[in-house]
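Engineer: Below is the file query05.txt, which contains compact mmCIF, C-alpha atoms.
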# COMPACT_ATOMS: atom_id res chain seq x y z
CA MET Y 560 0.00 0.00 0.00
CA GLY Y 561 1.08 3.02 -0.74
CA ALA Y 562 2.91 5.41 1.50
CA ASP Y 563 3.26 2.24 3.55
CA SER Y 564 0.59 3.15 5.96
CA ASP Y 565 -0.50 0.34 8.25
CA ASN Y 566 0.84 -1.71 11.12
CA THR Y 567 -0.02 -4.68 13.28
CA THR Y 568 -2.27 -2.80 15.69
CA GLY Y 569 -3.90 -0.36 13.26
CA THR Y 570 -3.08 3.12 12.07
CA ALA Y 571 -3.05 6.49 13.76
CA GLY Y 572 -2.65 8.99 10.96
CA ASP Y 573 -5.96 10.72 11.62
CA ALA Y 574 -5.46 10.96 15.37
CA PRO Y 575 -5.98 14.45 16.82
CA GLY Y 576 -3.45 16.45 18.76
CA GLU Y 577 0.14 17.53 18.32
CA PRO Y 578 2.61 15.43 16.28
CA VAL Y 579 4.41 12.77 18.26
CA GLY Y 580 8.15 12.34 18.37
CA ASP Y 581 10.70 14.68 16.90
CA PRO Y 582 9.38 18.13 15.98
CA ALA Y 583 12.35 18.87 13.71
CA PRO Y 584 11.75 19.29 9.95
CA VAL Y 585 11.70 16.17 7.82
CA ARG Y 586 14.91 16.98 5.99
CA ALA Y 587 16.82 17.44 9.25
CA GLU Y 588 15.85 13.88 10.10
CA ALA Y 589 17.26 12.21 6.98
CA ALA Y 590 19.40 9.18 7.72
CA PRO Y 591 22.97 10.45 7.08
CA ASP Y 592 24.78 7.12 7.47
CA VAL Y 593 22.72 5.15 4.98
CA PRO Y 594 24.47 4.65 1.61
CA GLY Y 595 22.64 6.45 -1.19
CA THR Y 596 21.15 9.08 1.09
CA ALA Y 597 23.07 11.96 -0.43
CA ALA Y 598 22.09 11.11 -4.03
CA LEU Y 599 18.41 10.72 -3.20
CA MET Y 600 18.11 13.76 -0.96
CA ALA Y 601 20.02 15.90 -3.45
CA ALA Y 602 17.43 15.00 -6.07
CA LEU Y 603 14.56 16.18 -3.87
CA SER Y 604 13.54 19.76 -3.25
CA PRO Y 605 14.27 20.69 0.39
CA VAL Y 606 11.21 22.94 0.47
CA MET Y 607 8.98 20.20 -0.92
CA VAL Y 608 10.22 17.66 1.59
CA ASP Y 609 9.76 20.02 4.53
CA LEU Y 610 6.31 20.99 3.27
CA MET Y 611 5.18 17.37 3.58
CA ASP Y 612 5.27 17.76 7.35
CA GLU Y 613 2.47 20.33 7.15
CA LEU Y 614 0.01 17.78 5.76
CA SER Y 615 -2.51 16.32 8.19
CA ASP Y 616 -4.14 13.59 6.08
CA VAL Y 617 -1.45 12.64 3.57
CA MET Y 618 1.37 10.20 4.32
CA PHE Y 619 4.73 10.90 2.71
CA CYS Y 620 7.97 8.95 2.49
CA ALA Y 621 11.12 8.84 0.38
CA LYS Y 622 12.95 5.53 -0.03
CA ASP Y 623 16.26 4.63 -1.60
CA ALA Y 624 16.73 1.93 -4.21
CA ASP Y 625 17.24 -0.66 -1.45
CA GLY Y 626 13.91 0.14 0.18
CA ARG Y 627 15.21 2.13 3.16
CA TYR Y 628 13.16 5.08 4.41
CA LEU Y 629 15.28 8.22 4.15
CA ALA Y 630 12.58 10.85 4.77
CA VAL Y 631 9.07 10.63 6.24
CA ASN Y 632 6.49 13.06 7.55
CA GLN Y 633 4.81 12.91 10.94
CA VAL Y 634 1.63 11.35 9.54
CA PHE Y 635 3.76 8.45 8.32
CA VAL Y 636 5.45 8.06 11.72
CA ARG Y 637 2.07 7.89 13.45
CA ARG Y 638 1.13 4.95 11.21
CA THR Y 639 3.93 2.79 12.53
CA ASN Y 640 4.56 1.42 16.01
CA GLU Y 641 7.40 3.90 16.46
CA ARG Y 642 7.27 7.28 18.17
CA SER Y 643 9.81 9.32 16.22
CA ARG Y 644 11.40 9.67 12.80
CA ARG Y 645 14.74 8.60 14.25
CA GLN Y 646 13.23 5.16 14.89
CA VAL Y 647 11.91 4.89 11.31
CA LEU Y 648 14.68 6.28 9.11
CA GLY Y 649 17.13 3.78 7.67
CA ARG Y 650 14.70 0.89 8.15
CA ARG Y 651 12.66 -1.03 5.58
CA ALA Y 652 8.97 -1.90 5.29
CA VAL Y 653 9.59 -5.40 6.64
CA ASP Y 654 10.94 -3.83 9.86
CA LEU Y 655 7.87 -1.67 10.43
CA PHE Y 656 4.77 -3.40 9.04
CA VAL Y 657 3.05 -6.77 9.07
CA PRO Y 658 4.42 -9.21 6.46
CA GLU Y 659 1.43 -9.03 4.08
CA LEU Y 660 1.69 -5.24 3.83
CA ALA Y 661 5.48 -5.16 3.69
CA GLU Y 662 5.46 -7.60 0.77
CA ARG Y 663 2.89 -5.50 -1.04
CA TYR Y 664 4.81 -2.25 -0.56
CA GLU Y 665 8.05 -3.87 -1.69
CA ALA Y 666 6.38 -5.28 -4.82
CA GLN Y 667 5.03 -1.81 -5.69
CA ASP Y 668 8.45 -0.26 -5.10
CA ALA Y 669 10.22 -2.88 -7.20
CA GLU Y 670 7.92 -2.19 -10.16
CA VAL Y 671 8.47 1.59 -9.98
CA LEU Y 672 12.24 1.21 -9.62
CA ARG Y 673 12.48 -1.40 -12.39
CA THR Y 674 10.40 0.41 -14.98
CA GLY Y 675 11.01 4.01 -13.95
CA ARG Y 676 7.28 4.60 -14.34
CA PRO Y 677 5.05 6.14 -11.66
CA LEU Y 678 2.30 4.30 -9.83
CA ARG Y 679 -0.79 6.51 -9.60
CA ASN Y 680 -4.36 6.32 -8.27
CA GLU Y 681 -3.84 3.01 -6.49
CA LEU Y 682 -6.99 2.47 -4.43
CA GLU Y 683 -6.19 0.84 -1.10
CA LEU Y 684 -8.07 -0.14 2.05
CA ILE Y 685 -5.93 0.61 5.11
CA ARG Y 686 -6.75 0.07 8.76
CA ARG Y 687 -7.15 3.19 10.89
CA VAL Y 688 -6.80 3.56 14.65
CA GLY Y 689 -8.26 0.54 16.43
CA GLY Y 690 -8.41 -1.52 13.24
CA THR Y 691 -11.20 0.40 11.45
CA PRO Y 692 -10.59 0.28 7.68
CA GLY Y 693 -10.27 3.49 5.69
CA TRP Y 694 -9.80 4.17 1.96
CA PHE Y 695 -6.73 5.84 0.48
CA LEU Y 696 -5.33 6.72 -2.94
CA THR Y 697 -1.62 6.11 -3.33
CA ALA Y 698 0.98 7.43 -5.77
CA LYS Y 699 4.65 6.46 -6.08
CA LEU Y 700 7.10 8.31 -8.33
CA PRO Y 701 10.69 7.40 -9.21
CA VAL Y 702 13.44 9.87 -8.23
CA ARG Y 703 16.40 10.32 -10.60
CA ASP Y 704 19.81 11.83 -10.00
CA ALA Y 705 21.52 14.37 -12.26
CA ALA Y 706 22.67 11.56 -14.57
CA GLY Y 707 19.14 10.25 -14.99
CA ARG Y 708 19.63 7.14 -12.83
CA VAL Y 709 16.74 6.06 -10.61
CA VAL Y 710 18.04 6.42 -7.06
CA GLY Y 711 14.81 5.89 -5.13
CA LEU Y 712 11.18 6.90 -4.99
CA VAL Y 713 8.73 9.16 -3.20
CA SER Y 714 5.29 8.04 -2.11
CA VAL Y 715 2.12 9.73 -0.87
CA SER Y 716 -1.18 8.22 0.29
CA GLN Y 717 -4.23 10.48 0.62
CA ASP Y 718 -7.03 9.79 3.08
CA LEU Y 719 -10.29 9.62 1.11
CA ARG Y 720 -12.62 10.99 3.74
CA SER Y 721 -15.46 12.97 2.18
CA GLY Y 722 -14.57 16.58 1.47
CA ASP Y 723 -16.77 19.67 1.38
CA ALA Y 724 -19.52 19.65 -1.24
CA ASP Y 725 -22.81 21.42 -1.79
CA ASP Y 726 -26.06 19.91 -0.52
CA ALA Y 727 -27.23 18.80 -3.99
CA THR Y 728 -23.98 16.93 -4.59
CA MET Y 729 -24.00 15.25 -1.19
CA ASP Y 730 -27.66 14.27 -1.61
CA ALA Y 731 -26.96 12.77 -5.04
CA MET Y 732 -24.00 10.83 -3.69
CA ALA Y 733 -26.00 9.55 -0.73
CA ARG Y 734 -28.67 8.30 -3.16
CA LEU Y 735 -26.03 6.70 -5.35
CA VAL Y 736 -24.33 4.81 -2.52
CA ALA Y 737 -27.70 3.62 -1.19
CA ALA Y 738 -28.69 2.49 -4.68
CA VAL Y 739 -25.45 0.55 -5.14
CA GLU Y 740 -26.03 -1.12 -1.77
CA ARG Y 741 -29.57 -2.10 -2.82
CA HIS Y 742 -28.20 -3.45 -6.09
CA LEU Y 743 -25.75 -5.64 -4.16
CA ASP Y 744 -28.62 -6.88 -2.01
CA ALA Y 745 -30.81 -7.77 -4.97
CA SER Y 746 -28.41 -8.88 -7.72
CA PRO Y 747 -24.76 -8.71 -6.66
CA GLY Y 748 -23.58 -10.64 -9.72
CA ASP Y 749 -24.92 -8.10 -12.23
CA PRO Y 750 -22.36 -5.42 -13.16
CA LEU Y 751 -23.22 -1.72 -13.01
CA SER Y 752 -22.25 0.44 -15.97
CA VAL Y 753 -21.44 4.14 -15.72
CA ALA Y 754 -24.79 4.80 -17.41
CA ASP Y 755 -26.51 2.74 -14.70
CA LEU Y 756 -24.73 4.72 -12.00
CA ALA Y 757 -25.68 8.03 -13.61
CA ARG Y 758 -29.32 6.96 -13.70
CA LEU Y 759 -29.23 5.86 -10.07
CA SER Y 760 -27.81 9.22 -9.01
CA GLY Y 761 -30.20 11.22 -11.20
CA SER Y 762 -27.46 12.87 -13.26
CA THR Y 763 -25.58 12.62 -16.53
CA PRO Y 764 -22.39 10.53 -16.73
CA ALA Y 765 -20.28 13.71 -16.88
CA VAL Y 766 -21.96 15.23 -13.82
CA LEU Y 767 -21.73 11.88 -12.02
CA ASP Y 768 -17.99 11.67 -12.64
CA ARG Y 769 -17.43 15.22 -11.39
CA ARG Y 770 -19.52 14.71 -8.25
CA VAL Y 771 -18.01 11.34 -7.33
CA ARG Y 772 -14.49 12.70 -7.71
CA LYS Y 773 -15.33 15.78 -5.63
CA VAL Y 774 -16.84 13.86 -2.73
CA PHE Y 775 -14.88 10.61 -2.75
CA GLY Y 776 -11.74 11.37 -4.77
CA LEU Y 777 -12.55 8.35 -6.95
CA SER Y 778 -13.93 7.48 -10.36
CA PRO Y 779 -17.48 6.03 -10.39
CA ARG Y 780 -16.12 2.54 -11.12
CA GLN Y 781 -13.66 2.83 -8.23
CA LEU Y 782 -16.54 3.84 -5.97
CA VAL Y 783 -18.47 0.69 -6.89
CA LEU Y 784 -15.40 -1.45 -6.24
CA ARG Y 785 -14.90 0.31 -2.90
CA THR Y 786 -18.54 -0.41 -1.98
CA ARG Y 787 -18.15 -4.08 -2.86
CA VAL Y 788 -14.97 -4.47 -0.84
CA ASP Y 789 -16.53 -2.56 2.07
CA ARG Y 790 -19.38 -5.08 2.05
CA ALA Y 791 -16.95 -7.98 1.96
CA ALA Y 792 -14.92 -6.51 4.83
CA HIS Y 793 -18.10 -6.10 6.90
CA LEU Y 794 -19.14 -9.72 6.29
CA LEU Y 795 -15.64 -10.96 7.07
CA THR Y 796 -15.46 -9.13 10.39
CA SER Y 797 -19.05 -9.46 11.62
CA THR Y 798 -20.15 -12.91 10.43
CA THR Y 799 -18.87 -16.46 9.96
CA THR Y 800 -20.17 -16.56 6.38
CA PRO Y 801 -17.95 -18.84 4.24
CA LEU Y 802 -15.57 -17.03 1.91
CA ALA Y 803 -17.30 -18.26 -1.24
CA GLU Y 804 -20.60 -16.80 -0.02
CA VAL Y 805 -18.90 -13.53 0.96
CA ALA Y 806 -17.49 -13.32 -2.56
CA ALA Y 807 -20.94 -13.82 -4.10
CA ALA Y 808 -22.63 -11.34 -1.75
CA ALA Y 809 -20.03 -8.69 -2.64
CA GLY Y 810 -20.57 -9.16 -6.37
CA PHE Y 811 -17.43 -11.11 -7.30
CA TYR Y 812 -17.51 -13.75 -10.02
CA ASP Y 813 -15.93 -16.43 -7.84
CA GLN Y 814 -13.80 -16.87 -4.74
CA PRO Y 815 -10.41 -16.75 -6.54
CA SER Y 816 -11.23 -13.41 -8.22
CA PHE Y 817 -12.49 -12.09 -4.87
CA THR Y 818 -9.30 -13.18 -3.11
CA ARG Y 819 -7.07 -11.59 -5.76
CA THR Y 820 -8.94 -8.27 -5.74
CA PHE Y 821 -9.29 -8.11 -1.96
CA ALA Y 822 -5.59 -8.85 -1.46
CA ARG Y 823 -4.60 -6.23 -4.03
CA LEU Y 824 -6.65 -3.55 -2.31
CA THR Y 825 -5.99 -4.44 1.33
CA GLY Y 826 -2.62 -6.18 1.35
CA GLU Y 827 -4.25 -9.23 2.98
CA THR Y 828 -6.19 -12.25 1.83
CA PRO Y 829 -9.81 -12.39 3.03
CA SER Y 830 -8.99 -15.17 5.50
CA SER Y 831 -6.05 -13.21 6.92
CA PHE Y 832 -8.20 -10.07 7.17
CA ARG Y 833 -10.84 -12.04 9.09
CA ARG Y 834 -8.29 -13.59 11.47
CA ARG Y 835 -6.67 -10.23 12.24
CA ALA Y 836 -10.05 -8.57 12.85
CA ARG Y 837 -11.04 -11.30 15.26
CA ALA Y 838 -7.73 -11.06 17.09
CA ALA Y 839 -8.09 -7.28 17.41
CA GLY Y 840 -11.66 -7.61 18.64
Would you encode the structure as structure tokens?

Structural biologist:
Amino acid sequence: MGADSDNTTGTAGDAPGEPVGDPAPVRAEAAPDVPGTAALMAALSPVMVDLMDELSDVMFCAKDADGRYLAVNQVFVRRTNERSRRQVLGRRAVDLFVPELAERYEAQDAEVLRTGRPLRNELELIRRVGGTPGWFLTAKLPVRDAAGRVVGLVSVSQDLRSGDADDATMDAMARLVAAVERHLDASPGDPLSVADLARLSGSTPAVLDRRVRKVFGLSPRQLVLRTRVDRAAHLLTSTTTPLAEVAAAAGFYDQPSFTRTFARLTGETPSSFRRRARAAG
């Protein structure tokens, strides 16, 4: 996932109050003894890196080509089990996060570093404080030195809590989400087209796209997928319904496709997600 934003006991990025740990700027906390630090940090804008610490709902990190964290903001720190940047910098995902998530982050990183192409708009379900899931959009961009060599990457993950919108937009979105839920109740196996979604929300496809992106930060299709995975997560954590039945109730073709999609979006298989929720409860 993303700006590598979960841990064994849940996340804390949206917790209120003052930042924990070191109050010093991000750049002052770069790991000076880690090989490759100078090349990566020289390729980043000092102002941009320091500005990341002003964000309250966006996780930021910079990693070298070996996967070591060389710069992070306070939101990122609060999503680990550590209390300060000094305890995070120079370490890797496997040192800070549960194995399923660490493997996912490392696979994303490897693809960006290998191809030199960014990863954008990756929809991910991440646990918040106390284990409550929350939705995020993640982007990862390669960082190149003066010679054009990829020396690391930067990553951000944005919390997709609903933003400000006018009453008409919020009302339309409330109707849309309720309609999608009813569709899942009645015929979960039938796909919903963009035209169907526009009709359910009482708008044109263009207006629908604009409204969904304003409120949820997603495309209409991503919103439907989010709704289906939310339903699956609810069934996994609140019932003993067999996985095959959960897959069908959430609108997936079969259990293997459900498992693949759920693992891609959450970093865990459905069975692992269920076990961890039960352990936390």

Engineer: Hey, which of Y:Ala706, Y:Leu743, Y:Leu751, Y:Ala652 ends up closest to Y:Val805? Count only C-alpha atoms.

Structural biologist: Y:Leu743

Engineer: Can you tell me how far atom CA of Y:Ala822 sits from atom CA of Y:Pro747, in Å to one decimal?

Structural biologist: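 We find that atom CA of Y:Ala822 and atom CA of Y:Pro747 lie 19.9 Å from each other.
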
Engineer: How far is it from atom CA of Y:Ala765 to atom CA of Y:Val783, in Å with one decimal?

Structural biologist: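 Between these atoms lies a distance of 16.5 Å.
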
Engineer: Just checking: using all atoms listed in the file, which residue out of Y:Ser762, Y:Thr799, Y:Thr820, Y:Thr697 ends up closest to Y:Leu735?

Structural biologist: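 Of the candidates, the smallest distance to Y:Leu735 is held by Y:Ser762.
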
Engineer: As an mmCIF file with C-alpha atoms, in the frame of the given file, please: the residues near Y:Arg650 (cut-off 10 Å, all atoms listed in the file, same-chain neighbours under 3 positions excluded).

Structural biologist:
data_model
loop_
_atom_site.group_PDB
_atom_site.id
_atom_site.type_symbol
_atom_site.label_atom_id
_atom_site.label_comp_id
_atom_site.auth_asym_id
_atom_site.auth_seq_id
_atom_site.Cartn_x
_atom_site.Cartn_y
_atom_site.Cartn_z
ATOM 1 C CA ALA Y 590 19.400 9.180 7.720
ATOM 2 C CA VAL Y 593 22.720 5.150 4.980
ATOM 3 C CA LYS Y 622 12.950 5.530 -0.030
ATOM 4 C CA GLY Y 626 13.910 0.140 0.180
ATOM 5 C CA ARG Y 627 15.210 2.130 3.160
ATOM 6 C CA TYR Y 628 13.160 5.080 4.410
ATOM 7 C CA LEU Y 629 15.280 8.220 4.150
ATOM 8 C CA ARG Y 645 14.740 8.600 14.250
ATOM 9 C CA GLN Y 646 13.230 5.160 14.890
ATOM 10 C CA VAL Y 647 11.910 4.890 11.310
ATOM 11 C CA VAL Y 653 9.590 -5.400 6.640
ATOM 12 C CA ASP Y 654 10.940 -3.830 9.860
ATOM 13 C CA LEU Y 655 7.870 -1.670 10.430
#

Engineer: Need the shell around Y:Phe619: protein/DNA/RNA residues with any atom at most 12 Å away, counting only C-alpha atoms. Skip same-chain ones fewer than 6 positions apart. Format as a PyMOL selection string?

Structural biologist: chain Y and resi 561-564+572+585+607-613+628-638+697-700+712-718

Engineer: What is the atom CA of Y:Gly675-atom CA of Y:Asp704 distance in Å, reported with one decimal?

Structural biologist: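 Computed distance, atom CA of Y:Gly675 to atom CA of Y:Asp704, equals 12.4 Å.
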
Engineer: Can you tell me, as a VMD selection string, what residues are no more than 10 Å from Y:Arg663 when counting only C-alpha atoms, ignoring any on the same chain fewer than 2 positions away?

Structural biologist: chain Y and resid 560 to 561 563 652 658 to 661 665 to 669 822 to 827

Engineer: Return the single residue from Y:Ala745, Y:Ala809, Y:Leu777, Y:Ala731 that is closest to Y:Arg758, with distances computed using only C-alpha atoms.

Structural biologist: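 For Y:Arg758, the nearest of the given residues is Y:Ala731.
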
Engineer: Have a look at Y:Leu682, Y:Arg703, Y:Ser831, Y:Val606 and name the one nearest to Y:Thr796; count all atoms listed in the file.

Structural biologist: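 Counting all atoms listed in the file, the residue closest to Y:Thr796 is Y:Ser831.
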
Engineer: Measuring between only C-alpha atoms, which one of Y:Gly776, Y:Pro829, Y:Gly649, Y:Pro750 shows the shortest distance to Y:Ala791?

Structural biologist: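 Result for the nearest residue to Y:Ala791: Y:Pro829.
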
Engineer: Name the residues in contact with Y:Ala754 at a cut-off of 8 Å, using all atoms listed in the file, excluding same-chain residues fewer than 3 positions from it; report them as a PDB file with C-alpha atoms, in the frame of the given file.

Structural biologist:
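This is the output file part15.pdb:
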ATOM      1  CA  ALA Y 757     -25.680   8.030 -13.610  1.00  0.00           C
ATOM      2  CA  ARG Y 758     -29.320   6.960 -13.700  1.00  0.00           C
ATOM      3  CA  THR Y 763     -25.580  12.620 -16.530  1.00  0.00           C
ATOM      4  CA  PRO Y 764     -22.390  10.530 -16.730  1.00  0.00           C
TER       5      PRO Y 764
END

Engineer: Out of Y:Arg741, Y:Phe656, Y:Leu648, Y:Val702, which residue has the shortest atom-to-atom distance to Y:Ala598 when counting only C-alpha atoms?

Structural biologist: Y:Val702
